[in-house]
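Below is the file work00.cif, which contains mmCIF, C-alpha atoms and all ligand atoms.
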data_entry
#
loop_
_atom_site.group_PDB
_atom_site.id
_atom_site.type_symbol
_atom_site.label_atom_id
_atom_site.label_comp_id
_atom_site.auth_asym_id
_atom_site.auth_seq_id
_atom_site.Cartn_x
_atom_site.Cartn_y
_atom_site.Cartn_z
ATOM 1 C CA MET A 1 10.703 -18.877 2.033
ATOM 2 C CA ASN A 2 11.882 -15.260 2.266
ATOM 3 C CA PRO A 3 9.370 -12.389 2.225
ATOM 4 C CA ARG A 4 9.575 -10.267 -0.942
ATOM 5 C CA VAL A 5 7.405 -7.499 0.501
ATOM 6 C CA SER A 6 7.430 -6.258 4.075
ATOM 7 C CA ILE A 7 4.336 -4.546 5.464
ATOM 8 C CA ILE A 8 5.091 -2.389 8.495
ATOM 9 C CA MET A 9 2.639 -0.322 10.504
ATOM 10 C CA GLY A 10 3.135 2.133 13.348
ATOM 11 C CA SER A 11 0.671 0.338 15.593
ATOM 12 C CA THR A 12 -1.791 -2.540 15.422
ATOM 13 C CA SER A 13 -4.458 0.190 15.515
ATOM 14 C CA ASP A 14 -3.460 0.678 11.826
ATOM 15 C CA LEU A 15 -4.289 -2.938 10.950
ATOM 16 C CA SER A 16 -7.855 -2.329 9.777
ATOM 17 C CA VAL A 17 -6.332 -0.263 6.929
ATOM 18 C CA MET A 18 -3.096 -2.182 6.353
ATOM 19 C CA LYS A 19 -4.823 -5.554 6.074
ATOM 20 C CA GLN A 20 -6.025 -4.461 2.625
ATOM 21 C CA ALA A 21 -2.386 -4.608 1.487
ATOM 22 C CA ALA A 22 -1.943 -8.064 2.991
ATOM 23 C CA GLU A 23 -5.089 -9.316 1.278
ATOM 24 C CA PHE A 24 -3.924 -8.157 -2.164
ATOM 25 C CA LEU A 25 -0.464 -9.710 -1.735
ATOM 26 C CA ASP A 26 -2.159 -12.955 -0.714
ATOM 27 C CA GLU A 27 -4.363 -12.799 -3.816
ATOM 28 C CA MET A 28 -1.246 -12.337 -5.989
ATOM 29 C CA GLU A 29 0.573 -15.134 -4.120
ATOM 30 C CA ILE A 30 3.491 -12.903 -3.070
ATOM 31 C CA PRO A 31 5.394 -14.046 0.052
ATOM 32 C CA PHE A 32 5.202 -11.192 2.554
ATOM 33 C CA GLU A 33 5.647 -10.401 6.226
ATOM 34 C CA ILE A 34 3.571 -8.037 8.342
ATOM 35 C CA ASN A 35 4.774 -6.375 11.554
ATOM 36 C CA ALA A 36 4.283 -3.342 13.787
ATOM 37 C CA LEU A 37 7.222 -0.985 14.432
ATOM 38 C CA SER A 38 7.186 2.613 15.563
ATOM 39 C CA ALA A 39 9.621 5.335 14.530
ATOM 40 C CA HIS A 40 8.978 7.041 17.863
ATOM 41 C CA ARG A 41 8.525 4.175 20.287
ATOM 42 C CA VAL A 42 11.248 1.780 19.002
ATOM 43 C CA PRO A 43 13.484 3.886 16.711
ATOM 44 C CA GLU A 44 16.483 1.561 17.026
ATOM 45 C CA MET A 45 14.428 -1.465 15.978
ATOM 46 C CA VAL A 46 13.196 0.487 12.949
ATOM 47 C CA ALA A 47 16.781 1.257 11.904
ATOM 48 C CA GLN A 48 17.805 -2.364 12.362
ATOM 49 C CA PHE A 49 14.799 -3.637 10.389
ATOM 50 C CA ALA A 50 15.451 -1.250 7.494
ATOM 51 C CA LYS A 51 19.186 -1.985 7.346
ATOM 52 C CA ASN A 52 18.615 -5.776 7.276
ATOM 53 C CA ALA A 53 15.591 -5.918 4.962
ATOM 54 C CA TYR A 54 17.419 -6.267 1.616
ATOM 55 C CA GLY A 55 19.659 -9.027 2.939
ATOM 56 C CA ARG A 56 16.556 -10.976 4.005
ATOM 57 C CA GLY A 57 15.154 -10.873 0.465
ATOM 58 C CA VAL A 58 12.714 -7.979 0.901
ATOM 59 C CA ARG A 59 12.436 -5.940 -2.315
ATOM 60 C CA VAL A 60 9.630 -3.479 -1.472
ATOM 61 C CA ILE A 61 8.529 -2.065 1.881
ATOM 62 C CA ILE A 62 4.993 -0.832 2.511
ATOM 63 C CA ALA A 63 4.905 1.355 5.617
ATOM 64 C CA GLY A 64 1.711 2.805 7.091
ATOM 65 C CA ALA A 65 1.376 5.296 9.920
ATOM 66 C CA GLY A 66 -0.954 7.997 11.179
ATOM 67 C CA GLY A 67 -0.641 11.437 12.770
ATOM 68 C CA ALA A 68 3.019 12.497 12.954
ATOM 69 C CA ALA A 69 3.681 9.697 10.498
ATOM 70 C CA HIS A 70 7.482 9.494 10.394
ATOM 71 C CA LEU A 71 7.780 5.707 10.007
ATOM 72 C CA PRO A 72 7.960 5.447 6.171
ATOM 73 C CA GLY A 73 10.458 8.311 5.911
ATOM 74 C CA VAL A 74 12.706 6.958 8.651
ATOM 75 C CA ILE A 75 12.704 3.508 7.034
ATOM 76 C CA ALA A 76 13.585 5.104 3.681
ATOM 77 C CA ALA A 77 16.487 6.902 5.364
ATOM 78 C CA PHE A 78 18.068 3.556 6.272
ATOM 79 C CA THR A 79 17.561 1.509 3.074
ATOM 80 C CA PRO A 80 17.781 1.851 -0.718
ATOM 81 C CA ILE A 81 14.763 -0.510 -1.097
ATOM 82 C CA PRO A 82 11.694 1.341 -2.488
ATOM 83 C CA VAL A 83 9.369 2.422 0.320
ATOM 84 C CA ILE A 84 5.659 2.958 -0.300
ATOM 85 C CA GLY A 85 4.012 5.084 2.373
ATOM 86 C CA VAL A 86 0.393 4.727 3.453
ATOM 87 C CA PRO A 87 -0.945 7.752 5.351
ATOM 88 C CA ILE A 88 -3.562 6.616 7.871
ATOM 89 C CA LYS A 89 -6.372 8.623 9.403
ATOM 90 C CA SER A 90 -5.755 7.384 12.940
ATOM 91 C CA SER A 91 -7.039 8.255 16.398
ATOM 92 C CA ASN A 92 -4.269 10.863 16.770
ATOM 93 C CA SER A 93 -4.774 12.387 13.290
ATOM 94 C CA MET A 94 -6.236 15.884 13.080
ATOM 95 C CA ASP A 95 -8.015 15.227 9.786
ATOM 96 C CA GLY A 96 -5.651 12.962 7.855
ATOM 97 C CA TRP A 97 -3.728 15.770 6.186
ATOM 98 C CA ASP A 98 -1.165 15.552 8.994
ATOM 99 C CA SER A 99 -0.453 11.909 8.054
ATOM 100 C CA VAL A 100 -0.422 12.662 4.300
ATOM 101 C CA LEU A 101 2.003 15.552 4.557
ATOM 102 C CA SER A 102 4.279 13.803 7.082
ATOM 103 C CA ILE A 103 4.796 10.992 4.567
ATOM 104 C CA LEU A 104 4.602 12.937 1.303
ATOM 105 C CA GLN A 105 6.898 15.902 1.840
ATOM 106 C CA MET A 106 10.229 14.092 1.909
ATOM 107 C CA PRO A 107 13.465 15.950 1.136
ATOM 108 C CA ALA A 108 15.309 15.311 -2.147
ATOM 109 C CA GLY A 109 17.317 12.107 -1.992
ATOM 110 C CA ILE A 110 14.969 10.112 0.273
ATOM 111 C CA PRO A 111 11.746 9.451 -1.675
ATOM 112 C CA VAL A 112 8.679 7.744 -0.248
ATOM 113 C CA ALA A 113 6.061 6.770 -2.847
ATOM 114 C CA THR A 114 2.968 8.061 -1.075
ATOM 115 C CA VAL A 115 -0.495 6.671 -1.818
ATOM 116 C CA ALA A 116 -3.873 8.131 -0.867
ATOM 117 C CA LEU A 117 -5.129 8.427 2.710
ATOM 118 C CA ASP A 118 -5.885 4.866 3.883
ATOM 119 C CA GLY A 119 -4.820 3.652 0.410
ATOM 120 C CA ALA A 120 -3.201 0.392 1.525
ATOM 121 C CA LYS A 121 -4.626 -1.623 -1.378
ATOM 122 C CA ASN A 122 -3.015 0.714 -3.907
ATOM 123 C CA ALA A 123 0.254 0.417 -1.992
ATOM 124 C CA ALA A 124 0.151 -3.342 -2.485
ATOM 125 C CA ILE A 125 -0.769 -3.017 -6.161
ATOM 126 C CA LEU A 126 2.158 -0.630 -6.652
ATOM 127 C CA ALA A 127 4.490 -3.025 -4.812
ATOM 128 C CA VAL A 128 3.439 -5.893 -7.086
ATOM 129 C CA GLN A 129 3.868 -3.646 -10.144
ATOM 130 C CA MET A 130 7.456 -2.958 -9.015
ATOM 131 C CA LEU A 131 8.196 -6.667 -8.553
ATOM 132 C CA ALA A 132 6.516 -7.507 -11.865
ATOM 133 C CA THR A 133 8.924 -5.362 -13.911
ATOM 134 C CA GLY A 134 11.373 -8.260 -13.567
ATOM 135 C CA ASP A 135 8.860 -11.125 -13.522
ATOM 136 C CA GLU A 136 6.795 -11.933 -16.620
ATOM 137 C CA GLN A 137 4.480 -14.376 -14.832
ATOM 138 C CA LEU A 138 3.607 -11.783 -12.205
ATOM 139 C CA MET A 139 3.043 -9.182 -14.936
ATOM 140 C CA GLY A 140 0.499 -11.619 -16.436
ATOM 141 C CA LYS A 141 -1.360 -11.825 -13.104
ATOM 142 C CA LEU A 142 -1.448 -8.031 -12.869
ATOM 143 C CA SER A 143 -2.773 -7.750 -16.430
ATOM 144 C CA ALA A 144 -5.557 -10.203 -15.514
ATOM 145 C CA PHE A 145 -6.361 -8.098 -12.428
ATOM 146 C CA LYS A 146 -6.539 -4.919 -14.554
ATOM 147 C CA SER A 147 -8.791 -6.684 -17.086
ATOM 148 C CA GLU A 148 -11.178 -7.557 -14.243
ATOM 149 C CA LEU A 149 -11.367 -3.848 -13.354
ATOM 150 C CA ALA A 150 -12.248 -3.035 -16.965
ATOM 151 C CA ALA A 151 -14.882 -5.796 -16.994
ATOM 152 C CA LYS A 152 -16.502 -4.225 -13.891
ATOM 153 C CA ILE A 153 -16.929 -0.927 -15.766
ATOM 154 C CA SER A 154 -18.464 -2.695 -18.782
ATOM 155 C CA LYS A 155 -20.894 -4.459 -16.429
ATOM 156 C CA ALA A 156 -21.700 -1.147 -14.679
ATOM 157 C CA ASN A 157 -22.619 0.396 -18.035
ATOM 158 C CA GLU A 158 -24.797 -2.577 -18.941
ATOM 159 C CA ASP A 159 -26.624 -2.124 -15.601
ATOM 160 C CA LEU A 160 -26.978 1.641 -16.128
ATOM 161 C CA LYS A 161 -28.594 1.023 -19.528
ATOM 162 C CA LYS A 162 -31.446 -0.723 -17.703
ATOM 163 C CA VAL A 163 -32.114 2.251 -15.386
ATOM 164 C CA GLU A 164 -35.049 4.235 -16.741
ATOM 165 C CA TYR A 165 -35.769 7.991 -16.508
ATOM 166 C CA ARG A 166 -38.389 9.966 -18.407
ATOM 167 C CA PHE A 167 -35.799 12.176 -20.101
ATOM 168 C CA LYS A 168 -32.945 9.662 -20.379
ATOM 169 C CA VAL A 169 -31.831 9.334 -23.965
ATOM 170 C CA GLY A 170 -30.281 6.082 -25.187
HETATM 171 C C1 LIG B 201 1.010 6.253 14.847
HETATM 172 O O1 LIG B 201 0.171 6.656 15.852
HETATM 173 C C2 LIG B 201 0.528 4.892 14.467
HETATM 174 O O2 LIG B 201 0.890 4.595 13.151
HETATM 175 C C3 LIG B 201 -0.955 5.008 14.620
HETATM 176 O O3 LIG B 201 -1.554 5.405 13.389
HETATM 177 C C4 LIG B 201 -1.113 6.123 15.625
HETATM 178 C C5 LIG B 201 -1.787 5.732 16.910
HETATM 179 O O4 LIG B 201 -1.089 4.665 17.509
HETATM 180 P P1 LIG B 201 -1.657 3.991 18.849
HETATM 181 O O5 LIG B 201 -1.621 5.044 19.912
HETATM 182 O O6 LIG B 201 -3.047 3.530 18.529
HETATM 183 O O7 LIG B 201 -0.730 2.838 19.143
HETATM 184 O O8 LIG B 201 2.336 6.230 15.242
#

Could you quickly redo this structure as structure tokens?
Ligand code: RP5
Amino acid sequence: MNPRVSIIMGSTSDLSVMKQAAEFLDEMEIPFEINALSAHRVPEMVAQFAKNAYGRGVRVIIAGAGGAAHLPGVIAAFTPIPVIGVPIKSSNSMDGWDSVLSILQMPAGIPVATVALDGAKNAAILAVQMLATGDEQLMGKLSAFKSELAAKISKANEDLKKVEYRFKVG
């Protein structure tokens, strides 16, 4: 079975964040692969990976990196497949803004869809949303997931009703 989504991270030190993407893809039953590649340490392998990804069946790439986070942008330079970038607050990050801006501020022509700092779960949700535009069954699974989120808010409000304060009205 070919992977439909490829998760790439700059280092296995990014795994504690990137595993959230893997977990969501698993939940949605999407075939995926997960690997480490570095734009700085193995640039030629990154180019080769990006150039071959579409031919291997990959339709969305999720790329996470921290610090001088060039990996998502370099991948996007070598492939027309949508790339979702996950900025990571890593050991070599100043405060996380370095990772965010390295991934976010791409030049016109080479977009990277950038999620929040450490936002790997949203990256996976976005990837599934992209795949679901051409897959009704998958769209159904996403709708069920969104309904669960709504149900959590309803439950939260039920719980908040039970919290008592002297001046709370209603
Ligand atoms: C980045 O440098 C990686 O994505 C990681 O976030 C960070 C630190 O990498 P290691 O030195 O832990 O391998 O390229």

Would you compute the distance between atom CA of A:Thr133 and atom CA of A:Asn35? Give it in Å to one decimal.
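Interatomic distance here is 25.8 Å.
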
Selection dump of the PyMOL selection byres (((chain A and resi 9) around 8) and not hetatm), as a PDB file with C-alpha atoms, keeping the file's coordinate frame:
ATOM      1  CA  ILE A   7       4.336  -4.546   5.464  1.00  0.00           C
ATOM      2  CA  ILE A   8       5.091  -2.389   8.495  1.00  0.00           C
ATOM      3  CA  GLY A  10       3.135   2.133  13.348  1.00  0.00           C
ATOM      4  CA  SER A  11       0.671   0.338  15.593  1.00  0.00           C
ATOM      5  CA  THR A  12      -1.791  -2.540  15.422  1.00  0.00           C
ATOM      6  CA  ASP A  14      -3.460   0.678  11.826  1.00  0.00           C
ATOM      7  CA  LEU A  15      -4.289  -2.938  10.950  1.00  0.00           C
ATOM      8  CA  MET A  18      -3.096  -2.182   6.353  1.00  0.00           C
ATOM      9  CA  ASN A  35       4.774  -6.375  11.554  1.00  0.00           C
ATOM     10  CA  ALA A  36       4.283  -3.342  13.787  1.00  0.00           C
ATOM     11  CA  LEU A  37       7.222  -0.985  14.432  1.00  0.00           C
ATOM     12  CA  SER A  38       7.186   2.613  15.563  1.00  0.00           C
ATOM     13  CA  ALA A  63       4.905   1.355   5.617  1.00  0.00           C
ATOM     14  CA  GLY A  64       1.711   2.805   7.091  1.00  0.00           C
ATOM     15  CA  ALA A  65       1.376   5.296   9.920  1.00  0.00           C
ATOM     16  CA  LEU A  71       7.780   5.707  10.007  1.00  0.00           C
TER      17      LEU A  71
END

Residue with the minimum atom-to-atom distance to ligand LIG 201 (chain B), picked from A:Ala150, A:Ala21, A:Ala68, A:Leu160 with only C-alpha atoms and all ligand atoms counted, is A:Ala68

Looking at A:Asn92, A:Met1, A:Met45, A:Lys51, which one is nearest to ligand LIG 201 (chain B), with distances taken over all atoms listed in the file?
A:Asn92

Please write as JSON, numbers by chain the full residue list that the PyMOL selection byres (((chain A and resi 122) around 12) and not hetatm) yields on this file.
{"A": [17, 18, 19, 20, 21, 22, 23, 24, 25, 62, 84, 85, 86, 87, 113, 114, 115, 116, 117, 118, 119, 120, 121, 123, 124, 125, 126, 127, 128, 129]}

For a quick check of understanding, using all atoms listed in the file, which of A:Lys152, A:Glu29, A:Ile103, A:Ser16 has the smallest distance to A:Leu138?
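Among A:Lys152, A:Glu29, A:Ile103, A:Ser16, it is A:Glu29 that comes nearest to A:Leu138.
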
Report the distance between atom CA of A:Ala50 and atom CA of A:Leu104 in Å, rounded to one decimal place.
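Atom CA of A:Leu104 lies at a distance of 18.9 Å from atom CA of A:Ala50.
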
Ranking A:Asp159, A:Met139, A:Ser13, A:Phe167 by minimum distance to A:Ser90 and counting all atoms listed in the file, which one comes first?
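Of A:Asp159, A:Met139, A:Ser13, A:Phe167, the one nearest A:Ser90, counting all atoms listed in the file, is A:Ser13.
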
For each of A:Gly67, A:Pro43, A:Gly109, A:Pro72, take the minimum atom-to-atom distance to A:Lys89, counting all atoms listed in the file, then give the residue where this is smallest.
A:Gly67

Atom CA of A:Glu44 and atom C5 of ligand LIG 201 (chain B), how far apart in Å?
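If I compute the distance from atom C5 of ligand LIG 201 (chain B) to atom CA of A:Glu44, I get 18.7 Å.
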
Which residues come within 10 Å of A:Lys141, counting all atoms listed in the file, excluding same-chain residues fewer than 2 positions away, as a list in words?
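Residues meeting the cut-off are Glu27, Met28, Glu29, Val128, Ala132, Glu136, Gln137, Leu138, Met139, Ser143, Ala144, Phe145, Lys146 and Ser147 of chain A.
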
Please produce a file of the residues just selected, as an mmCIF file, in the coordinates of the input, where the atoms kept are C-alpha atoms.
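Below you can see selection.cif, which holds the result:
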data_model
loop_
_atom_site.group_PDB
_atom_site.id
_atom_site.type_symbol
_atom_site.label_atom_id
_atom_site.label_comp_id
_atom_site.auth_asym_id
_atom_site.auth_seq_id
_atom_site.Cartn_x
_atom_site.Cartn_y
_atom_site.Cartn_z
ATOM 1 C CA GLU A 27 -4.363 -12.799 -3.816
ATOM 2 C CA MET A 28 -1.246 -12.337 -5.989
ATOM 3 C CA GLU A 29 0.573 -15.134 -4.120
ATOM 4 C CA VAL A 128 3.439 -5.893 -7.086
ATOM 5 C CA ALA A 132 6.516 -7.507 -11.865
ATOM 6 C CA GLU A 136 6.795 -11.933 -16.620
ATOM 7 C CA GLN A 137 4.480 -14.376 -14.832
ATOM 8 C CA LEU A 138 3.607 -11.783 -12.205
ATOM 9 C CA MET A 139 3.043 -9.182 -14.936
ATOM 10 C CA SER A 143 -2.773 -7.750 -16.430
ATOM 11 C CA ALA A 144 -5.557 -10.203 -15.514
ATOM 12 C CA PHE A 145 -6.361 -8.098 -12.428
ATOM 13 C CA LYS A 146 -6.539 -4.919 -14.554
ATOM 14 C CA SER A 147 -8.791 -6.684 -17.086
#

Show me as a PDB file with C-alpha atoms, in the coordinates of the input the residues that reach within 8 Å of (7.8, 14.9, 7.5), counting all atoms listed in the file and using the file's own coordinates.
ATOM      1  CA  ALA A  68       3.019  12.497  12.954  1.00  0.00           C
ATOM      2  CA  ALA A  69       3.681   9.697  10.498  1.00  0.00           C
ATOM      3  CA  HIS A  70       7.482   9.494  10.394  1.00  0.00           C
ATOM      4  CA  GLY A  73      10.458   8.311   5.911  1.00  0.00           C
ATOM      5  CA  LEU A 101       2.003  15.552   4.557  1.00  0.00           C
ATOM      6  CA  SER A 102       4.279  13.803   7.082  1.00  0.00           C
ATOM      7  CA  ILE A 103       4.796  10.992   4.567  1.00  0.00           C
ATOM      8  CA  LEU A 104       4.602  12.937   1.303  1.00  0.00           C
ATOM      9  CA  GLN A 105       6.898  15.902   1.840  1.00  0.00           C
ATOM     10  CA  MET A 106      10.229  14.092   1.909  1.00  0.00           C
TER      11      MET A 106
END

What are the centre and edge lengths in Å, to one decimal, of the axis-aligned box around all listed atoms of stretch 105-114 of chain A with 5 Å added on each side, as lines of an AutoDock Vina configuration file?
center_x = 10.1
center_y = 11.4
center_z = -0.5
size_x = 24.3
size_y = 19.2
size_z = 14.8
